[in-house]
Amino acid sequence: STFDVAVVGAGIVGLASARELARRYPSLTFAVLEKEQELAHHQSGHNSGVIHSGIYYKPGSLKAKLCVEGAALCYEYCDQKGIPYKQCGKLIVAVEQEEIPRLRDLYERGLQNNVPGLKLIGPKEIQAKEPFCRGLMALDSPYTGIVNYKQVAQSYAEDFQEAGGTILTDFEVTNMEMGQESEDGLKYPVVVRSSKGEEIYCRHIVTCGGLYSDRLSEISGCSPEPRIVPFRGDYLVLKPEKCYMVKGNIYPVPNPRFPFLGFHFTPRMDGSVWLGPNAVLAFKREGYKLFDFSTGDFLDAVMYSGLWKLVLRNLSYGLSEIYRAVFLSAQVKQLQKFIPEVTVNDVLRGPSGVRAQALDSDGNLVDDFVFDGGSGDIGSRILHVRNAPSPAATSSLAIAKMIADEVKRRFEL
C-alpha cells in the first residue's frame, strides 16, 4: 500500500494520465484510486462518444491545442489497439440567415486551430451528405468521428496495469493528509484514506475527480473555486427503423448568448442515433434520472452565488430547457429545424449524462482546463485537475502528456 504517485479518479482523464506516468517512469510505483466498482462509470461512460476535431475552441487556448492533438492521438491509438471507430464526419448547419456570419467565423477559427479538411458547403452539398437534412449553409468537418469511450478507457487501464500500475476500486477518497513520522514516513509521507477507513501511503497525489474535483481540492485544504455545478443532459433516441435518416453528426451553429451548445444528432457505434442533449440543473452530482436527489448536492449548488448569477443572466434559456425536458414535442421541434421529417412518433426517451460544469463566483462557465496545487504542508505534493471540460475524452491522451509534464515540473520526479 505504498506508491510513488496515487491518481484519484478512474475516468478517462485519470486513466490516461496514470498510463502516461507509468510508461514514462517505469522504475516508480503508481496507483489509481476509484470510488466505484467499475472504471469510467460517470462522465466517461455517459458522453456522446464524439471524437471532436477542434473547431469551436478559442485559437491559442489549451482546449484548441489539446483537442486537435488529442483527436490525432485517439485515432492512432484506436488503430494500434484495434478499437472500432467511425470517421463519419460532422455538419454544423446554419438554418437561418443570421447564423451564416457565425458559421463563417467558426470556419476561420477551425482553420486557425489547424483542423484538417474543413470546408463550407451549400444546400445541395448538405443534402448529398445528409439526404434528410435541410440548411442554408454548413461547415463540413470530415475529420470528426465516433467511438465508445468506455472501451477506450478500459484499454488505458489495461495498458496501465501492464506497465505495473495498481487499480484500487471501491476506494472513495475522503481524506488526504501528511502522516505521522514512521519507518516509511520520509519516503511516503502522504496518507490517503477511504470512506471505509482503508489507507494507502504515497509521495504525491494527482486528482482527476470530474464531478467531485472541487470537493477533492477542498479536503486537501485547497480553494473551493472553481465550484462544480452538475448539469444533466437528457438524450432522445431515434427509433431503430428511423436511424437511416442520419448518417453523420449534425450540429447547430452555437449561439454565443447561450451557455450550452443546443440539440444535435449523434450516431453511435452500436448503430443507434442520439438526439440532444438538453441542459438542466441536476439535483444530484451523479443523478442520471429526473427524480434523483441529494440534499447535500442540491444545497451545495443553490447556495452558490455563481449559480444564481448564471441563472439570472440566462433565465429565459433556462426556463426553455426545463420546458423541453418535460415536453417531448418541444424537443422534437428543435430537431425539425434540421430534419423536418422527424416526428414525435419517431423518438423515444434515451439515456442521460451529467456534466461537471465548473463555475466561478461571478457566474461564468470556466471554459478551459484548470490545474491547481494544494496548500499547507501537503500542497507541494498534490496536483488537482480542477476542470477538464468537453472535449476531454477526445483530448485524453494529449491531456495526459500535459499532466505528466506538470507532474514532473511540480514533483521533480
# chains A, B, ... in the order shown; residues from 1 in each chain; ligands from 1
>>> residues_around(residues="Gln151 (chain A)", least_positions_apart="3", cutoff="10 Å", atoms="only C-alpha atoms", output="PyMOL selection string")
chain A and resi 12+40+44-45+78+83-84+147-148+154-157
>>> write_last_selection(atoms="all heavy atoms", output="tab-separated table (two decimals), in the first residue's frame")
chain	number	residue	atom	x	y	z
A	12	ILE	N	-11.72	8.70	-17.84
A	12	ILE	CA	-10.80	8.58	-18.98
A	12	ILE	C	-9.56	9.47	-18.80
A	12	ILE	O	-8.46	9.08	-19.20
A	12	ILE	CB	-11.55	8.88	-20.30
A	12	ILE	CG1	-10.76	8.31	-21.48
A	12	ILE	CG2	-11.87	10.36	-20.46
A	12	ILE	CD1	-11.56	8.22	-22.77
A	40	ALA	N	-14.51	4.22	-15.48
A	40	ALA	CA	-15.19	5.11	-16.44
A	40	ALA	C	-16.70	5.08	-16.27
A	40	ALA	O	-17.46	5.02	-17.22
A	40	ALA	CB	-14.80	4.72	-17.88
A	44	SER	N	-17.20	9.69	-18.28
A	44	SER	CA	-16.52	8.97	-19.37
A	44	SER	C	-17.40	7.89	-19.99
A	44	SER	O	-17.19	7.50	-21.13
A	44	SER	CB	-15.22	8.34	-18.85
A	44	SER	OG	-14.40	9.32	-18.27
A	45	GLY	N	-18.37	7.40	-19.22
A	45	GLY	CA	-19.25	6.36	-19.73
A	45	GLY	C	-20.63	6.86	-20.10
A	45	GLY	O	-21.51	6.08	-20.47
A	78	CYS	N	-6.57	4.00	-31.39
A	78	CYS	CA	-7.60	3.03	-31.75
A	78	CYS	C	-7.12	2.10	-32.85
A	78	CYS	O	-7.40	0.90	-32.83
A	78	CYS	CB	-8.88	3.75	-32.17
A	78	CYS	SG	-9.73	4.57	-30.81
A	83	ILE	N	-9.42	-0.89	-31.66
A	83	ILE	CA	-10.70	-0.40	-31.11
A	83	ILE	C	-11.52	0.20	-32.25
A	83	ILE	O	-11.04	1.09	-32.96
A	83	ILE	CB	-10.45	0.65	-30.00
A	83	ILE	CG1	-9.70	0.01	-28.82
A	83	ILE	CG2	-11.77	1.27	-29.53
A	83	ILE	CD1	-9.22	1.01	-27.78
A	84	PRO	N	-12.73	-0.29	-32.47
A	84	PRO	CA	-13.51	0.22	-33.61
A	84	PRO	C	-13.93	1.68	-33.43
A	84	PRO	O	-14.26	2.11	-32.32
A	84	PRO	CB	-14.74	-0.71	-33.65
A	84	PRO	CG	-14.83	-1.31	-32.29
A	84	PRO	CD	-13.45	-1.34	-31.72
A	147	VAL	N	-16.69	6.96	-31.29
A	147	VAL	CA	-16.04	5.81	-30.68
A	147	VAL	C	-16.75	5.53	-29.36
A	147	VAL	O	-17.47	6.39	-28.84
A	147	VAL	CB	-14.53	6.10	-30.46
A	147	VAL	CG1	-14.30	7.08	-29.30
A	147	VAL	CG2	-13.72	4.82	-30.26
A	148	ASN	N	-16.54	4.36	-28.80
A	148	ASN	CA	-17.05	4.05	-27.46
A	148	ASN	C	-15.94	4.38	-26.46
A	148	ASN	O	-14.96	3.64	-26.33
A	148	ASN	CB	-17.43	2.57	-27.38
A	148	ASN	CG	-17.97	2.18	-26.01
A	148	ASN	OD1	-17.72	2.84	-25.02
A	148	ASN	ND2	-18.73	1.08	-25.97
A	154	GLN	N	-11.12	1.56	-20.79
A	154	GLN	CA	-10.75	0.21	-20.32
A	154	GLN	C	-9.39	-0.20	-20.90
A	154	GLN	O	-8.57	-0.83	-20.22
A	154	GLN	CB	-11.81	-0.82	-20.76
A	154	GLN	CG	-13.18	-0.63	-20.14
A	154	GLN	CD	-13.28	-1.13	-18.70
A	154	GLN	OE1	-12.31	-1.60	-18.14
A	154	GLN	NE2	-14.45	-1.01	-18.11
A	155	SER	N	-9.15	0.19	-22.15
A	155	SER	CA	-7.86	-0.14	-22.79
A	155	SER	C	-6.72	0.62	-22.11
A	155	SER	O	-5.63	0.07	-21.91
A	155	SER	CB	-7.93	0.19	-24.28
A	155	SER	OG	-6.75	-0.19	-24.93
A	156	TYR	N	-6.95	1.89	-21.75
A	156	TYR	CA	-5.94	2.65	-21.00
A	156	TYR	C	-5.62	1.92	-19.69
A	156	TYR	O	-4.45	1.85	-19.27
A	156	TYR	CB	-6.45	4.06	-20.65
A	156	TYR	CG	-6.63	5.03	-21.78
A	156	TYR	CD1	-7.31	6.23	-21.56
A	156	TYR	CD2	-6.13	4.80	-23.05
A	156	TYR	CE1	-7.50	7.16	-22.57
A	156	TYR	CE2	-6.31	5.72	-24.08
A	156	TYR	CZ	-7.01	6.90	-23.83
A	156	TYR	OH	-7.19	7.81	-24.83
A	157	ALA	N	-6.67	1.44	-19.01
A	157	ALA	CA	-6.47	0.75	-17.73
A	157	ALA	C	-5.62	-0.50	-17.91
A	157	ALA	O	-4.73	-0.79	-17.10
A	157	ALA	CB	-7.84	0.38	-17.13
>>> residues_around(residues="Leu275 (chain A)", least_positions_apart="6", cutoff="6 Å", atoms="only C-alpha atoms", output="PyMOL selection string")
chain A and resi 235-237+264-265
>>> residues_around(residues="region 321-331 of chain A", least_positions_apart="3", cutoff="7 Å", atoms="only C-alpha atoms", output="PDB file with all heavy atoms, in the first residue's frame")
ATOM      1  N   ASN A 278     -30.457  18.193 -23.826  1.00  0.00           N
ATOM      2  CA  ASN A 278     -30.801  19.475 -23.203  1.00  0.00           C
ATOM      3  C   ASN A 278     -29.795  19.742 -22.076  1.00  0.00           C
ATOM      4  O   ASN A 278     -28.817  19.001 -21.942  1.00  0.00           O
ATOM      5  CB  ASN A 278     -32.246  19.432 -22.670  1.00  0.00           C
ATOM      6  CG  ASN A 278     -32.422  18.352 -21.606  1.00  0.00           C
ATOM      7  OD1 ASN A 278     -31.503  17.578 -21.332  1.00  0.00           O
ATOM      8  ND2 ASN A 278     -33.591  18.295 -21.007  1.00  0.00           N
ATOM      9  N   ALA A 279     -30.015  20.753 -21.281  1.00  0.00           N
ATOM     10  CA  ALA A 279     -29.120  21.027 -20.146  1.00  0.00           C
ATOM     11  C   ALA A 279     -29.952  21.622 -19.011  1.00  0.00           C
ATOM     12  O   ALA A 279     -30.432  22.741 -19.113  1.00  0.00           O
ATOM     13  CB  ALA A 279     -28.019  22.007 -20.561  1.00  0.00           C
ATOM     14  N   VAL A 280     -30.151  20.814 -17.963  1.00  0.00           N
ATOM     15  CA  VAL A 280     -30.909  21.280 -16.799  1.00  0.00           C
ATOM     16  C   VAL A 280     -30.091  20.994 -15.539  1.00  0.00           C
ATOM     17  O   VAL A 280     -29.291  20.052 -15.519  1.00  0.00           O
ATOM     18  CB  VAL A 280     -32.298  20.596 -16.687  1.00  0.00           C
ATOM     19  CG1 VAL A 280     -33.206  21.029 -17.820  1.00  0.00           C
ATOM     20  CG2 VAL A 280     -32.174  19.071 -16.664  1.00  0.00           C
ATOM     21  N   TYR A 317     -33.552  31.214 -21.307  1.00  0.00           N
ATOM     22  CA  TYR A 317     -32.947  29.996 -21.862  1.00  0.00           C
ATOM     23  C   TYR A 317     -33.151  28.821 -20.910  1.00  0.00           C
ATOM     24  O   TYR A 317     -33.533  27.718 -21.318  1.00  0.00           O
ATOM     25  CB  TYR A 317     -31.459  30.240 -22.104  1.00  0.00           C
ATOM     26  CG  TYR A 317     -30.705  29.021 -22.595  1.00  0.00           C
ATOM     27  CD1 TYR A 317     -30.721  28.665 -23.934  1.00  0.00           C
ATOM     28  CD2 TYR A 317     -29.974  28.229 -21.716  1.00  0.00           C
ATOM     29  CE1 TYR A 317     -30.029  27.551 -24.401  1.00  0.00           C
ATOM     30  CE2 TYR A 317     -29.276  27.112 -22.160  1.00  0.00           C
ATOM     31  CZ  TYR A 317     -29.307  26.782 -23.493  1.00  0.00           C
ATOM     32  OH  TYR A 317     -28.630  25.678 -23.936  1.00  0.00           O
ATOM     33  N   GLY A 318     -32.912  29.062 -19.606  1.00  0.00           N
ATOM     34  CA  GLY A 318     -33.056  28.005 -18.604  1.00  0.00           C
ATOM     35  C   GLY A 318     -34.478  27.491 -18.517  1.00  0.00           C
ATOM     36  O   GLY A 318     -34.715  26.282 -18.442  1.00  0.00           O
ATOM     37  N   GLN A 334     -37.167  21.404 -32.023  1.00  0.00           N
ATOM     38  CA  GLN A 334     -35.773  21.834 -32.245  1.00  0.00           C
ATOM     39  C   GLN A 334     -35.105  20.984 -33.329  1.00  0.00           C
ATOM     40  O   GLN A 334     -34.373  21.487 -34.174  1.00  0.00           O
ATOM     41  CB  GLN A 334     -34.972  21.707 -30.939  1.00  0.00           C
ATOM     42  CG  GLN A 334     -35.434  22.580 -29.803  1.00  0.00           C
ATOM     43  CD  GLN A 334     -35.221  24.050 -30.102  1.00  0.00           C
ATOM     44  OE1 GLN A 334     -34.123  24.466 -30.463  1.00  0.00           O
ATOM     45  NE2 GLN A 334     -36.266  24.839 -29.983  1.00  0.00           N
ATOM     46  N   LEU A 335     -35.390  19.682 -33.294  1.00  0.00           N
ATOM     47  CA  LEU A 335     -34.775  18.761 -34.255  1.00  0.00           C
ATOM     48  C   LEU A 335     -35.308  18.980 -35.668  1.00  0.00           C
ATOM     49  O   LEU A 335     -34.586  18.797 -36.656  1.00  0.00           O
ATOM     50  CB  LEU A 335     -35.034  17.310 -33.821  1.00  0.00           C
ATOM     51  CG  LEU A 335     -34.483  16.925 -32.441  1.00  0.00           C
ATOM     52  CD1 LEU A 335     -35.034  15.576 -32.000  1.00  0.00           C
ATOM     53  CD2 LEU A 335     -32.957  16.894 -32.446  1.00  0.00           C
ATOM     54  N   VAL A 344     -42.724  13.250 -33.429  1.00  0.00           N
ATOM     55  CA  VAL A 344     -42.753  12.757 -32.046  1.00  0.00           C
ATOM     56  C   VAL A 344     -42.821  11.232 -32.025  1.00  0.00           C
ATOM     57  O   VAL A 344     -42.271  10.581 -31.122  1.00  0.00           O
ATOM     58  CB  VAL A 344     -43.951  13.374 -31.278  1.00  0.00           C
ATOM     59  CG1 VAL A 344     -44.090  12.756 -29.897  1.00  0.00           C
ATOM     60  CG2 VAL A 344     -43.765  14.880 -31.146  1.00  0.00           C
TER      61      VAL A 344
END
>>> residues_around(residues="region 207-224 of chain A", least_positions_apart="6", cutoff="8 Å", atoms="only C-alpha atoms", output="MDAnalysis selection string")
chainID A and resid 7:11 13:14 43 173:177 230 285:286 355:356 373:376 378:379 382:388
>>> closest_residue(among="A:Ile51, A:Ala400, A:Ile200, A:Ile228", to="Thr2 (chain A)", atoms="only C-alpha atoms")
A:Ile200
>>> closest_atom_pairs(of="region 150-253 of chain A", to="region 101-115 of chain A", cutoff="12 Å", atoms="only C-alpha atoms", output="JSON lines")
{"residue": "A:Tyr251", "atom": "CA", "partner": "A:Leu103", "partner_atom": "CA", "distance": 11.4}
{"residue": "A:Pro252", "atom": "CA", "partner": "A:Leu103", "partner_atom": "CA", "distance": 9.6}
{"residue": "A:Val253", "atom": "CA", "partner": "A:Leu103", "partner_atom": "CA", "distance": 6.4}
>>> write_last_selection(atoms="N, CA and C atoms", output="short mmCIF file (atom, residue, chain, number, x, y, z; two decimals), in the first residue's frame")
data_model
loop_
_atom_site.label_atom_id
_atom_site.label_comp_id
_atom_site.auth_asym_id
_atom_site.auth_seq_id
_atom_site.Cartn_x
_atom_site.Cartn_y
_atom_site.Cartn_z
N TYR A 251 -24.91 19.17 -36.23
CA TYR A 251 -24.87 20.09 -35.08
C TYR A 251 -25.44 21.46 -35.48
N PRO A 252 -25.98 22.19 -34.50
CA PRO A 252 -26.40 23.57 -34.76
C PRO A 252 -25.21 24.53 -34.73
N VAL A 253 -25.41 25.72 -35.24
CA VAL A 253 -24.41 26.78 -35.09
C VAL A 253 -24.53 27.30 -33.66
#
>>> residues_around(residues="Asn249 (chain A)", least_positions_apart="3", cutoff="7 Å", atoms="only C-alpha atoms", output="list in words")
Gly89, Lys90, Leu91, Phe265, Thr266 and Pro267 of chain A
>>> select_by_dssp(residues="region 258-360 of chain A", states="strand (DSSP E)", output="ChimeraX atom specification")
/A:264-267,273-276,280-281,347-359
>>> atom_distance(atom1="CA of Val32 (chain A)", atom2="CA of Thr166 (chain A)")
6.3 Å
>>> closest_residue(among="A:Lys63, A:Arg193, A:His42, A:Arg134", to="Ser1 (chain A)", atoms="only C-alpha atoms")
A:Arg193
>>> select_by_dssp(residues="region 117-231 of chain A", states="alpha helix (DSSP H)", output="list in words")
Pro123, Lys124, Glu125, Ile126, Gln127, Ala128, Lys129, Tyr149, Lys150, Gln151, Val152, Ala153, Gln154, Ser155, Tyr156, Ala157, Glu158, Asp159, Phe160, Gln161, Glu162, Ser213, Asp214, Arg215, Leu216, Ser217, Glu218 and Ile219 of chain A
>>> write_last_selection(atoms="N, CA and C atoms", output="PDB file, in the first residue's frame")
ATOM      1  N   PRO A 123     -26.622  24.197 -49.799  1.00  0.00           N
ATOM      2  CA  PRO A 123     -27.758  23.295 -49.591  1.00  0.00           C
ATOM      3  C   PRO A 123     -27.669  21.972 -50.356  1.00  0.00           C
ATOM      4  N   LYS A 124     -27.212  22.014 -51.614  1.00  0.00           N
ATOM      5  CA  LYS A 124     -27.142  20.771 -52.397  1.00  0.00           C
ATOM      6  C   LYS A 124     -26.103  19.808 -51.828  1.00  0.00           C
ATOM      7  N   GLU A 125     -24.956  20.367 -51.434  1.00  0.00           N
ATOM      8  CA  GLU A 125     -23.910  19.513 -50.855  1.00  0.00           C
ATOM      9  C   GLU A 125     -24.320  18.970 -49.490  1.00  0.00           C
ATOM     10  N   ILE A 126     -25.094  19.782 -48.734  1.00  0.00           N
ATOM     11  CA  ILE A 126     -25.629  19.290 -47.451  1.00  0.00           C
ATOM     12  C   ILE A 126     -26.469  18.043 -47.706  1.00  0.00           C
ATOM     13  N   GLN A 127     -27.380  18.140 -48.704  1.00  0.00           N
ATOM     14  CA  GLN A 127     -28.271  17.011 -48.972  1.00  0.00           C
ATOM     15  C   GLN A 127     -27.534  15.813 -49.567  1.00  0.00           C
ATOM     16  N   ALA A 128     -26.437  16.067 -50.269  1.00  0.00           N
ATOM     17  CA  ALA A 128     -25.635  14.952 -50.785  1.00  0.00           C
ATOM     18  C   ALA A 128     -25.031  14.147 -49.634  1.00  0.00           C
ATOM     19  N   LYS A 129     -24.638  14.865 -48.543  1.00  0.00           N
ATOM     20  CA  LYS A 129     -24.050  14.183 -47.388  1.00  0.00           C
ATOM     21  C   LYS A 129     -25.120  13.672 -46.427  1.00  0.00           C
ATOM     22  N   TYR A 149     -16.094   5.509 -25.757  1.00  0.00           N
ATOM     23  CA  TYR A 149     -15.015   5.965 -24.875  1.00  0.00           C
ATOM     24  C   TYR A 149     -14.826   5.068 -23.658  1.00  0.00           C
ATOM     25  N   LYS A 150     -15.864   4.362 -23.252  1.00  0.00           N
ATOM     26  CA  LYS A 150     -15.697   3.434 -22.132  1.00  0.00           C
ATOM     27  C   LYS A 150     -14.706   2.336 -22.532  1.00  0.00           C
ATOM     28  N   GLN A 151     -14.814   1.881 -23.786  1.00  0.00           N
ATOM     29  CA  GLN A 151     -13.882   0.877 -24.300  1.00  0.00           C
ATOM     30  C   GLN A 151     -12.458   1.433 -24.360  1.00  0.00           C
ATOM     31  N   VAL A 152     -12.330   2.693 -24.776  1.00  0.00           N
ATOM     32  CA  VAL A 152     -11.015   3.337 -24.827  1.00  0.00           C
ATOM     33  C   VAL A 152     -10.426   3.417 -23.413  1.00  0.00           C
ATOM     34  N   ALA A 153     -11.256   3.839 -22.439  1.00  0.00           N
ATOM     35  CA  ALA A 153     -10.792   3.967 -21.046  1.00  0.00           C
ATOM     36  C   ALA A 153     -10.357   2.614 -20.482  1.00  0.00           C
ATOM     37  N   GLN A 154     -11.119   1.559 -20.787  1.00  0.00           N
ATOM     38  CA  GLN A 154     -10.747   0.211 -20.318  1.00  0.00           C
ATOM     39  C   GLN A 154      -9.386  -0.195 -20.896  1.00  0.00           C
ATOM     40  N   SER A 155      -9.148   0.190 -22.146  1.00  0.00           N
ATOM     41  CA  SER A 155      -7.862  -0.137 -22.791  1.00  0.00           C
ATOM     42  C   SER A 155      -6.718   0.621 -22.109  1.00  0.00           C
ATOM     43  N   TYR A 156      -6.955   1.894 -21.752  1.00  0.00           N
ATOM     44  CA  TYR A 156      -5.940   2.650 -20.997  1.00  0.00           C
ATOM     45  C   TYR A 156      -5.621   1.922 -19.686  1.00  0.00           C
ATOM     46  N   ALA A 157      -6.665   1.439 -19.010  1.00  0.00           N
ATOM     47  CA  ALA A 157      -6.472   0.752 -17.730  1.00  0.00           C
ATOM     48  C   ALA A 157      -5.616  -0.501 -17.912  1.00  0.00           C
ATOM     49  N   GLU A 158      -5.862  -1.242 -18.998  1.00  0.00           N
ATOM     50  CA  GLU A 158      -5.055  -2.445 -19.268  1.00  0.00           C
ATOM     51  C   GLU A 158      -3.602  -2.077 -19.522  1.00  0.00           C
ATOM     52  N   ASP A 159      -3.382  -1.007 -20.286  1.00  0.00           N
ATOM     53  CA  ASP A 159      -2.002  -0.540 -20.532  1.00  0.00           C
ATOM     54  C   ASP A 159      -1.315  -0.182 -19.216  1.00  0.00           C
ATOM     55  N   PHE A 160      -2.059   0.506 -18.350  1.00  0.00           N
ATOM     56  CA  PHE A 160      -1.517   0.945 -17.056  1.00  0.00           C
ATOM     57  C   PHE A 160      -1.117  -0.261 -16.208  1.00  0.00           C
ATOM     58  N   GLN A 161      -1.992  -1.255 -16.159  1.00  0.00           N
ATOM     59  CA  GLN A 161      -1.695  -2.442 -15.355  1.00  0.00           C
ATOM     60  C   GLN A 161      -0.529  -3.239 -15.953  1.00  0.00           C
ATOM     61  N   GLU A 162      -0.470  -3.294 -17.277  1.00  0.00           N
ATOM     62  CA  GLU A 162       0.646  -3.999 -17.930  1.00  0.00           C
ATOM     63  C   GLU A 162       1.977  -3.304 -17.642  1.00  0.00           C
ATOM     64  N   SER A 213     -14.274  17.125  -8.360  1.00  0.00           N
ATOM     65  CA  SER A 213     -12.945  17.744  -8.354  1.00  0.00           C
ATOM     66  C   SER A 213     -12.827  18.869  -7.331  1.00  0.00           C
ATOM     67  N   ASP A 214     -13.910  19.649  -7.145  1.00  0.00           N
ATOM     68  CA  ASP A 214     -13.827  20.743  -6.163  1.00  0.00           C
ATOM     69  C   ASP A 214     -13.782  20.203  -4.742  1.00  0.00           C
ATOM     70  N   ARG A 215     -14.519  19.111  -4.474  1.00  0.00           N
ATOM     71  CA  ARG A 215     -14.521  18.551  -3.116  1.00  0.00           C
ATOM     72  C   ARG A 215     -13.189  17.894  -2.781  1.00  0.00           C
ATOM     73  N   LEU A 216     -12.587  17.243  -3.749  1.00  0.00           N
ATOM     74  CA  LEU A 216     -11.257  16.667  -3.509  1.00  0.00           C
ATOM     75  C   LEU A 216     -10.245  17.776  -3.216  1.00  0.00           C
ATOM     76  N   SER A 217     -10.394  18.903  -3.916  1.00  0.00           N
ATOM     77  CA  SER A 217      -9.499  20.035  -3.649  1.00  0.00           C
ATOM     78  C   SER A 217      -9.699  20.563  -2.236  1.00  0.00           C
ATOM     79  N   GLU A 218     -10.964  20.674  -1.848  1.00  0.00           N
ATOM     80  CA  GLU A 218     -11.266  21.201  -0.505  1.00  0.00           C
ATOM     81  C   GLU A 218     -10.711  20.327   0.607  1.00  0.00           C
ATOM     82  N   ILE A 219     -10.841  18.988   0.456  1.00  0.00           N
ATOM     83  CA  ILE A 219     -10.380  18.140   1.563  1.00  0.00           C
ATOM     84  C   ILE A 219      -8.860  18.130   1.679  1.00  0.00           C
TER      85      ILE A 219
END
>>> atom_distance(atom1="CA of Cys74 (chain A)", atom2="CA of Ser17 (chain A)")
14.1 Å
>>> closest_residue(among="A:Ala282, A:Cys243, A:Leu62, A:Ala398", to="Thr295 (chain A)", atoms="only C-alpha atoms")
A:Ala282
>>> residues_around(residues="Gln37 (chain A)", least_positions_apart="4", cutoff="9 Å", atoms="only C-alpha atoms", output="PyMOL selection string")
chain A and resi 41+168-171
>>> write_last_selection(atoms="C-alpha atoms", output="PDB file, in the first residue's frame")
ATOM      1  CA  HIS A  41     -18.546   4.877 -14.687  1.00  0.00           C
ATOM      2  CA  LEU A 168      -7.983   0.006  -6.423  1.00  0.00           C
ATOM      3  CA  THR A 169     -11.752   0.170  -6.961  1.00  0.00           C
ATOM      4  CA  ASP A 170     -14.382   0.759  -4.262  1.00  0.00           C
ATOM      5  CA  PHE A 171     -11.890   3.205  -2.717  1.00  0.00           C
TER       6      PHE A 171
END
>>> closest_residue(among="A:Asp297, A:Glu225, A:Glu98, A:Asp234", to="Ser48 (chain A)", atoms="only C-alpha atoms")
A:Asp234
>>> closest_residue(among="A:Val229, A:Val354, A:Cys88, A:Ala392", to="Asp300 (chain A)", atoms="only C-alpha atoms")
A:Val229
>>> atom_distance(atom1="CA of Phe231 (chain A)", atom2="CA of Gly296 (chain A)")
15.5 Å
>>> decode(residues="region 295-307 of chain A", atoms="N, CA, C and O atoms", output="compact mmCIF listing (two decimals), in the first residue's frame")
# COMPACT_ATOMS: atom_id res chain seq x y z
N THR A 295 -29.69 15.90 -0.95
CA THR A 295 -29.85 17.16 -0.22
C THR A 295 -28.54 17.95 -0.21
O THR A 295 -28.52 19.15 -0.47
N GLY A 296 -27.42 17.25 0.06
CA GLY A 296 -26.12 17.92 0.12
C GLY A 296 -25.73 18.54 -1.21
O GLY A 296 -25.31 19.70 -1.27
N ASP A 297 -25.90 17.77 -2.29
CA ASP A 297 -25.53 18.28 -3.61
C ASP A 297 -26.43 19.44 -4.03
O ASP A 297 -25.97 20.42 -4.62
N PHE A 298 -27.73 19.31 -3.71
CA PHE A 298 -28.69 20.36 -4.08
C PHE A 298 -28.36 21.66 -3.35
O PHE A 298 -28.28 22.73 -3.97
N LEU A 299 -28.15 21.57 -2.04
CA LEU A 299 -27.84 22.78 -1.26
C LEU A 299 -26.51 23.38 -1.70
O LEU A 299 -26.36 24.60 -1.78
N ASP A 300 -25.55 22.52 -1.98
CA ASP A 300 -24.25 22.97 -2.46
C ASP A 300 -24.39 23.85 -3.70
O ASP A 300 -23.74 24.88 -3.83
N ALA A 301 -25.27 23.42 -4.61
CA ALA A 301 -25.46 24.16 -5.87
C ALA A 301 -26.24 25.44 -5.64
O ALA A 301 -25.81 26.53 -6.05
N VAL A 302 -27.41 25.33 -4.97
CA VAL A 302 -28.31 26.51 -4.89
C VAL A 302 -27.81 27.57 -3.92
O VAL A 302 -28.25 28.72 -3.99
N MET A 303 -26.89 27.22 -3.04
CA MET A 303 -26.35 28.23 -2.12
C MET A 303 -25.11 28.91 -2.70
O MET A 303 -24.52 29.78 -2.06
N TYR A 304 -24.74 28.53 -3.92
CA TYR A 304 -23.55 29.13 -4.54
C TYR A 304 -23.96 30.34 -5.36
O TYR A 304 -24.78 30.25 -6.27
N SER A 305 -23.39 31.48 -5.03
CA SER A 305 -23.80 32.73 -5.70
C SER A 305 -23.52 32.69 -7.21
O SER A 305 -24.24 33.27 -8.01
N GLY A 306 -22.46 31.97 -7.59
CA GLY A 306 -22.12 31.88 -9.01
C GLY A 306 -23.24 31.28 -9.83
O GLY A 306 -23.49 31.69 -10.97
N LEU A 307 -23.95 30.28 -9.26
CA LEU A 307 -25.06 29.65 -9.99
C LEU A 307 -26.19 30.65 -10.22
O LEU A 307 -26.75 30.73 -11.32
